[in-house]
Amino acid sequence: MVYSKEIENMCTVKKGVDHGPAPIPEEGKWVKVKEVKDVSGLTHGIGWCAPQQGACKLTLNIKNGIIEEALVETIGCSGMTHSAAMAGEILPGKTILEALNTDLVCDAINTAMRELFLQIVYGRSQSAFSEGGLPVGAGLEDLGKGTRSQVGTIYSSKVKGPRYLELAEGYIVEIGLDEENQIIGYKYVNLGKMMENIKKGIEPMEAIEKASGTYGRFDEAVKKIDPRAE
């Protein structure tokens, strides 16, 4: 250690109170975090790329400072999607400090990692007050049945109005309209369930029918349109 001449010439004054860091909530306990291995929790965060043309939702399940589970969901450019595949291989097994300083290829994923780091080291995790935290595998629960991201895609124009394309239930096949041409419901296909049916050997058209459903007052619609063609 190198000290300046000014420091060397100073007399020593004893340090007073030293109670360590403030405790933060972690998996049902109050923990004074002094090292990376002291950090545990499951948390989510959002990141965006520099041109702000895409975003990443990142979910990490951290135990004793190590990333045990990662869920990477992206919306935006194709490059971001492929970067997510790389990040999924890179993240598990790293400490959160290593992950923070690792190039995760895409700006949005890097930004999401930064936001998650801030959350987790300040005790702002989703499992802060859950005794024992959440098991590895809990990240998949965000995806629901069919293990597919929940996506909302809506297109709208002033001249022609809104078009529901994909919602939490799945891919929108038809929109139901009332007498005033207002949306009152829709028919959807849950693509995750559809693919599971096909993998079980069910014929594609039957698989689609089994994975289909309606929402709202779709059956009362006076007009039904394909949102992608009409």
# chains A, B, ... in the order shown; residues from 1 in each chain; ligands from 1
>>> residues_around(residues="Ile46 (chain A)", least_positions_apart="4", cutoff="7 Å", atoms="only C-alpha atoms", output="list in words")
Ala55, Cys56, Lys57, Leu58 and Ala112 of chain A
>>> write_last_selection(atoms="C-alpha atoms", output="JSON list (two decimals), in the first residue's frame")
[["chain", "number", "residue", "atom", "x", "y", "z"],
["A", 55, "ALA", "CA", -36.07, -5.28, -24.40],
["A", 56, "CYS", "CA", -35.10, -8.22, -22.22],
["A", 57, "LYS", "CA", -36.85, -9.62, -19.16],
["A", 58, "LEU", "CA", -34.32, -11.55, -17.10],
["A", 112, "ALA", "CA", -31.17, -6.32, -17.38]]
>>> residues_around(residues="region 131-142 of chain A", least_positions_apart="6", cutoff="8 Å", atoms="only C-alpha atoms", output="compact mmCIF listing (two decimals) with all heavy atoms, in the first residue's frame")
# COMPACT_ATOMS: atom_id res chain seq x y z
N GLU A 26 -33.46 -11.46 2.94
CA GLU A 26 -33.10 -12.50 1.96
C GLU A 26 -33.73 -13.82 2.36
O GLU A 26 -33.37 -14.39 3.38
CB GLU A 26 -31.58 -12.68 1.90
CG GLU A 26 -30.83 -11.57 1.21
CD GLU A 26 -29.38 -11.95 0.99
OE1 GLU A 26 -29.04 -13.14 1.14
OE2 GLU A 26 -28.60 -11.06 0.66
N GLU A 27 -34.67 -14.26 1.56
CA GLU A 27 -35.29 -15.57 1.73
C GLU A 27 -35.73 -15.81 3.18
O GLU A 27 -35.44 -16.83 3.79
CB GLU A 27 -34.34 -16.67 1.24
CG GLU A 27 -33.98 -16.46 -0.23
CD GLU A 27 -33.27 -17.65 -0.86
OE1 GLU A 27 -32.67 -18.45 -0.11
OE2 GLU A 27 -33.33 -17.78 -2.09
N GLY A 28 -36.42 -14.81 3.73
CA GLY A 28 -36.99 -14.94 5.07
C GLY A 28 -36.03 -14.65 6.20
O GLY A 28 -36.38 -14.86 7.37
N LYS A 29 -34.83 -14.16 5.90
CA LYS A 29 -33.85 -13.83 6.94
C LYS A 29 -33.33 -12.41 6.72
O LYS A 29 -33.38 -11.89 5.61
CB LYS A 29 -32.68 -14.80 6.92
CG LYS A 29 -33.04 -16.25 7.19
CD LYS A 29 -31.81 -17.13 7.09
CE LYS A 29 -32.16 -18.60 7.33
NZ LYS A 29 -30.96 -19.46 7.21
N GLY A 41 -31.55 -15.13 -3.52
CA GLY A 41 -32.89 -14.64 -3.85
C GLY A 41 -33.24 -14.86 -5.30
O GLY A 41 -32.36 -15.06 -6.15
N LEU A 42 -34.53 -14.83 -5.58
CA LEU A 42 -35.02 -14.88 -6.97
C LEU A 42 -35.58 -13.51 -7.32
O LEU A 42 -36.35 -12.94 -6.55
CB LEU A 42 -36.09 -15.95 -7.14
CG LEU A 42 -36.63 -16.11 -8.57
CD1 LEU A 42 -36.91 -17.57 -8.89
CD2 LEU A 42 -37.89 -15.28 -8.81
N THR A 59 -34.81 -13.28 -15.49
CA THR A 59 -35.14 -13.84 -14.18
C THR A 59 -33.96 -14.68 -13.71
O THR A 59 -33.50 -15.56 -14.44
CB THR A 59 -36.40 -14.74 -14.25
OG1 THR A 59 -37.49 -13.99 -14.79
CG2 THR A 59 -36.78 -15.28 -12.88
N LEU A 60 -33.48 -14.40 -12.50
CA LEU A 60 -32.35 -15.16 -11.94
C LEU A 60 -32.74 -15.72 -10.57
O LEU A 60 -33.37 -15.04 -9.77
CB LEU A 60 -31.13 -14.26 -11.76
CG LEU A 60 -30.52 -13.64 -13.02
CD1 LEU A 60 -29.33 -12.77 -12.63
CD2 LEU A 60 -30.12 -14.69 -14.03
N ASN A 61 -32.36 -16.95 -10.32
CA ASN A 61 -32.51 -17.57 -9.01
C ASN A 61 -31.10 -17.77 -8.47
O ASN A 61 -30.33 -18.57 -9.01
CB ASN A 61 -33.25 -18.90 -9.12
CG ASN A 61 -33.83 -19.36 -7.79
OD1 ASN A 61 -33.52 -18.80 -6.74
ND2 ASN A 61 -34.65 -20.40 -7.83
N GLU A 68 -28.09 -20.05 -10.06
CA GLU A 68 -28.46 -21.46 -10.24
C GLU A 68 -29.45 -21.64 -11.37
O GLU A 68 -29.58 -22.74 -11.92
CB GLU A 68 -29.05 -22.02 -8.94
CG GLU A 68 -28.09 -22.03 -7.76
CD GLU A 68 -27.01 -23.10 -7.90
OE1 GLU A 68 -27.15 -23.98 -8.78
OE2 GLU A 68 -26.03 -23.04 -7.14
N GLU A 69 -30.14 -20.55 -11.74
CA GLU A 69 -31.22 -20.66 -12.73
C GLU A 69 -31.38 -19.33 -13.42
O GLU A 69 -31.31 -18.27 -12.78
CB GLU A 69 -32.50 -21.04 -12.00
CG GLU A 69 -33.75 -21.08 -12.86
CD GLU A 69 -35.00 -21.34 -12.03
OE1 GLU A 69 -34.98 -21.15 -10.79
OE2 GLU A 69 -36.01 -21.75 -12.64
N ALA A 70 -31.56 -19.36 -14.73
CA ALA A 70 -31.75 -18.13 -15.49
C ALA A 70 -32.84 -18.33 -16.53
O ALA A 70 -32.89 -19.35 -17.22
CB ALA A 70 -30.45 -17.72 -16.18
N LEU A 71 -33.73 -17.34 -16.62
CA LEU A 71 -34.75 -17.31 -17.66
C LEU A 71 -34.56 -16.01 -18.43
O LEU A 71 -34.60 -14.93 -17.85
CB LEU A 71 -36.15 -17.36 -17.05
CG LEU A 71 -37.33 -17.14 -18.01
CD1 LEU A 71 -37.37 -18.23 -19.07
CD2 LEU A 71 -38.64 -17.10 -17.24
N SER A 149 -43.32 -18.07 -23.24
CA SER A 149 -43.44 -16.72 -22.71
C SER A 149 -44.83 -16.16 -22.98
O SER A 149 -45.42 -16.40 -24.04
CB SER A 149 -42.40 -15.79 -23.34
OG SER A 149 -41.10 -16.18 -22.99
>>> closest_residue(among="A:Ile202, A:Glu230, A:Lys187, A:Ala85", to="Tyr215 (chain A)", atoms="only C-alpha atoms")
A:Lys187
>>> closest_atom_pairs(of="region 117-168 of chain A", to="region 176-185 of chain A", cutoff="10 Å", atoms="only C-alpha atoms", output="JSON lines")
{"residue": "A:Gly161", "atom": "CA", "partner": "A:Gln182", "partner_atom": "CA", "distance": 9.4}
{"residue": "A:Pro162", "atom": "CA", "partner": "A:Ile183", "partner_atom": "CA", "distance": 8.7}
{"residue": "A:Arg163", "atom": "CA", "partner": "A:Ile183", "partner_atom": "CA", "distance": 9.1}
{"residue": "A:Tyr164", "atom": "CA", "partner": "A:Ile183", "partner_atom": "CA", "distance": 9.3}
>>> residues_around(residues="Ala22 (chain A)", least_positions_apart="4", cutoff="10 Å", atoms="only C-alpha atoms", output="list in words")
Trp30, Val31, Lys32, Val33 and Tyr122 of chain A
>>> residues_around(residues="Leu165 (chain A)", least_positions_apart="6", cutoff="8 Å", atoms="only C-alpha atoms", output="list in words")
Gly152, Thr153, Ile154, Tyr155, Tyr171, Ile172, Val173, Pro227 and Arg228 of chain A
>>> closest_residue(among="A:Val39, A:Thr74, A:Leu116, A:Asp107", to="Gly88 (chain A)", atoms="only C-alpha atoms")
A:Thr74
>>> select_by_dssp(residues="region 93-182 of chain A", states="strand (DSSP E or B)", output="list of chain:residue names")
A:Thr95, A:Thr153, A:Ile154, A:Tyr155, A:Ser156, A:Ser157, A:Gly161, A:Pro162, A:Arg163, A:Tyr164, A:Leu165, A:Glu166, A:Leu167, A:Gly170, A:Tyr171, A:Ile172, A:Val173, A:Glu174, A:Ile175, A:Gly176, A:Leu177
>>> write_last_selection(atoms="N, CA, C and O atoms", output="short mmCIF file (atom, residue, chain, number, x, y, z; two decimals), in the first residue's frame")
data_model
loop_
_atom_site.label_atom_id
_atom_site.label_comp_id
_atom_site.auth_asym_id
_atom_site.auth_seq_id
_atom_site.Cartn_x
_atom_site.Cartn_y
_atom_site.Cartn_z
N THR A 95 -21.01 -16.24 -10.37
CA THR A 95 -21.46 -15.41 -9.27
C THR A 95 -22.13 -14.19 -9.88
O THR A 95 -21.91 -13.86 -11.05
N THR A 153 -49.26 -8.70 -28.06
CA THR A 153 -48.96 -7.97 -29.30
C THR A 153 -50.26 -7.37 -29.84
O THR A 153 -51.18 -8.09 -30.23
N ILE A 154 -50.31 -6.05 -29.83
CA ILE A 154 -51.50 -5.33 -30.29
C ILE A 154 -51.08 -4.32 -31.34
O ILE A 154 -50.14 -3.55 -31.13
N TYR A 155 -51.76 -4.32 -32.48
CA TYR A 155 -51.49 -3.30 -33.51
C TYR A 155 -52.74 -2.44 -33.65
O TYR A 155 -53.87 -2.94 -33.60
N SER A 156 -52.52 -1.14 -33.83
CA SER A 156 -53.67 -0.24 -33.97
C SER A 156 -53.33 0.93 -34.87
O SER A 156 -52.20 1.42 -34.87
N SER A 157 -54.31 1.36 -35.65
CA SER A 157 -54.14 2.56 -36.48
C SER A 157 -55.37 3.45 -36.28
O SER A 157 -56.46 2.98 -35.93
N GLY A 161 -58.44 1.23 -36.50
CA GLY A 161 -58.64 0.76 -35.13
C GLY A 161 -57.70 -0.36 -34.71
O GLY A 161 -56.74 -0.68 -35.40
N PRO A 162 -58.00 -0.99 -33.56
CA PRO A 162 -57.09 -1.98 -32.97
C PRO A 162 -57.22 -3.37 -33.57
O PRO A 162 -58.29 -3.77 -34.05
N ARG A 163 -56.11 -4.11 -33.50
CA ARG A 163 -56.08 -5.52 -33.87
C ARG A 163 -55.33 -6.28 -32.78
O ARG A 163 -54.16 -6.03 -32.54
N TYR A 164 -56.02 -7.19 -32.09
CA TYR A 164 -55.36 -8.05 -31.11
C TYR A 164 -54.68 -9.18 -31.88
O TYR A 164 -55.33 -9.92 -32.62
N LEU A 165 -53.38 -9.33 -31.70
CA LEU A 165 -52.63 -10.36 -32.44
C LEU A 165 -52.21 -11.52 -31.55
O LEU A 165 -52.24 -12.68 -31.96
N GLU A 166 -51.78 -11.19 -30.33
CA GLU A 166 -51.43 -12.25 -29.37
C GLU A 166 -51.58 -11.69 -27.97
O GLU A 166 -51.16 -10.57 -27.68
N LEU A 167 -52.22 -12.50 -27.10
CA LEU A 167 -52.42 -12.09 -25.71
C LEU A 167 -52.00 -13.24 -24.79
O LEU A 167 -51.48 -14.26 -25.26
N GLY A 170 -52.88 -16.71 -25.81
CA GLY A 170 -52.21 -17.29 -26.98
C GLY A 170 -52.40 -16.45 -28.24
O GLY A 170 -52.72 -15.26 -28.20
N TYR A 171 -52.20 -17.11 -29.37
CA TYR A 171 -52.28 -16.52 -30.70
C TYR A 171 -53.75 -16.24 -31.03
O TYR A 171 -54.59 -17.14 -30.95
N ILE A 172 -54.06 -14.99 -31.39
CA ILE A 172 -55.45 -14.63 -31.67
C ILE A 172 -55.81 -15.01 -33.11
O ILE A 172 -55.18 -14.55 -34.06
N VAL A 173 -56.82 -15.86 -33.23
CA VAL A 173 -57.27 -16.34 -34.54
C VAL A 173 -58.35 -15.43 -35.10
O VAL A 173 -58.35 -15.08 -36.28
N GLU A 174 -59.32 -15.06 -34.25
CA GLU A 174 -60.43 -14.21 -34.67
C GLU A 174 -60.77 -13.21 -33.57
O GLU A 174 -60.62 -13.51 -32.38
N ILE A 175 -61.23 -12.04 -34.00
CA ILE A 175 -61.74 -11.03 -33.07
C ILE A 175 -63.25 -10.94 -33.27
O ILE A 175 -63.73 -10.89 -34.41
N GLY A 176 -64.00 -10.90 -32.19
CA GLY A 176 -65.46 -10.77 -32.26
C GLY A 176 -65.88 -9.32 -32.09
O GLY A 176 -65.42 -8.65 -31.16
N LEU A 177 -66.74 -8.83 -32.99
CA LEU A 177 -67.22 -7.44 -32.95
C LEU A 177 -68.73 -7.40 -32.70
O LEU A 177 -69.45 -8.31 -33.09
#
>>> closest_residue(among="A:Gly20, A:Gln150, A:Glu6, A:Ser40", to="Ser130 (chain A)", atoms="only C-alpha atoms")
A:Ser40
>>> atom_distance(atom1="CA of Asp226 (chain A)", atom2="CA of Lys158 (chain A)")
18.4 Å
>>> atom_distance(atom1="CA of Ala128 (chain A)", atom2="CA of Glu35 (chain A)")
17.7 Å
>>> atom_distance(atom1="CA of Gly45 (chain A)", atom2="CA of Gly192 (chain A)")
24.0 Å
>>> residues_around(residues="Ser83 (chain A)", least_positions_apart="4", cutoff="9 Å", atoms="only C-alpha atoms", output="list in words")
Ser78, Gly79, Ala87, Gly88, Leu104, Val105, Cys106 and Ile109 of chain A
>>> closest_residue(among="A:Met113, A:Ala168, A:Ile62, A:Ile208", to="Ser125 (chain A)", atoms="only C-alpha atoms")
A:Ile62
>>> residues_around(residues="Val36 (chain A)", least_positions_apart="6", cutoff="9 Å", atoms="only C-alpha atoms", output="list in words")
Asn64, Gly65, Ile66, Thr95, Ile96, Leu97 and Val121 of chain A
>>> write_last_selection(atoms="N, CA and C atoms", output="PDB file, in the first residue's frame")
ATOM      1  N   ASN A  64     -26.545 -18.402  -2.485  1.00  0.00           N
ATOM      2  CA  ASN A  64     -25.186 -18.191  -1.977  1.00  0.00           C
ATOM      3  C   ASN A  64     -24.283 -17.510  -2.997  1.00  0.00           C
ATOM      4  N   GLY A  65     -24.857 -16.525  -3.674  1.00  0.00           N
ATOM      5  CA  GLY A  65     -24.088 -15.732  -4.624  1.00  0.00           C
ATOM      6  C   GLY A  65     -23.947 -16.325  -6.005  1.00  0.00           C
ATOM      7  N   ILE A  66     -24.373 -17.572  -6.198  1.00  0.00           N
ATOM      8  CA  ILE A  66     -24.225 -18.275  -7.478  1.00  0.00           C
ATOM      9  C   ILE A  66     -25.560 -18.290  -8.218  1.00  0.00           C
ATOM     10  N   THR A  95     -21.006 -16.243 -10.373  1.00  0.00           N
ATOM     11  CA  THR A  95     -21.459 -15.411  -9.270  1.00  0.00           C
ATOM     12  C   THR A  95     -22.134 -14.194  -9.879  1.00  0.00           C
ATOM     13  N   ILE A  96     -22.951 -13.505  -9.078  1.00  0.00           N
ATOM     14  CA  ILE A  96     -23.630 -12.326  -9.617  1.00  0.00           C
ATOM     15  C   ILE A  96     -22.634 -11.225  -9.972  1.00  0.00           C
ATOM     16  N   LEU A  97     -21.473 -11.208  -9.302  1.00  0.00           N
ATOM     17  CA  LEU A  97     -20.456 -10.216  -9.638  1.00  0.00           C
ATOM     18  C   LEU A  97     -19.792 -10.560 -10.966  1.00  0.00           C
ATOM     19  N   VAL A 121     -28.705  -7.032  -4.534  1.00  0.00           N
ATOM     20  CA  VAL A 121     -27.770  -6.625  -3.479  1.00  0.00           C
ATOM     21  C   VAL A 121     -28.392  -5.618  -2.520  1.00  0.00           C
TER      22      VAL A 121
END
>>> closest_residue(among="A:Asp18, A:Asp38, A:Glu220, A:Glu209", to="Met195 (chain A)", atoms="only C-alpha atoms")
A:Glu209
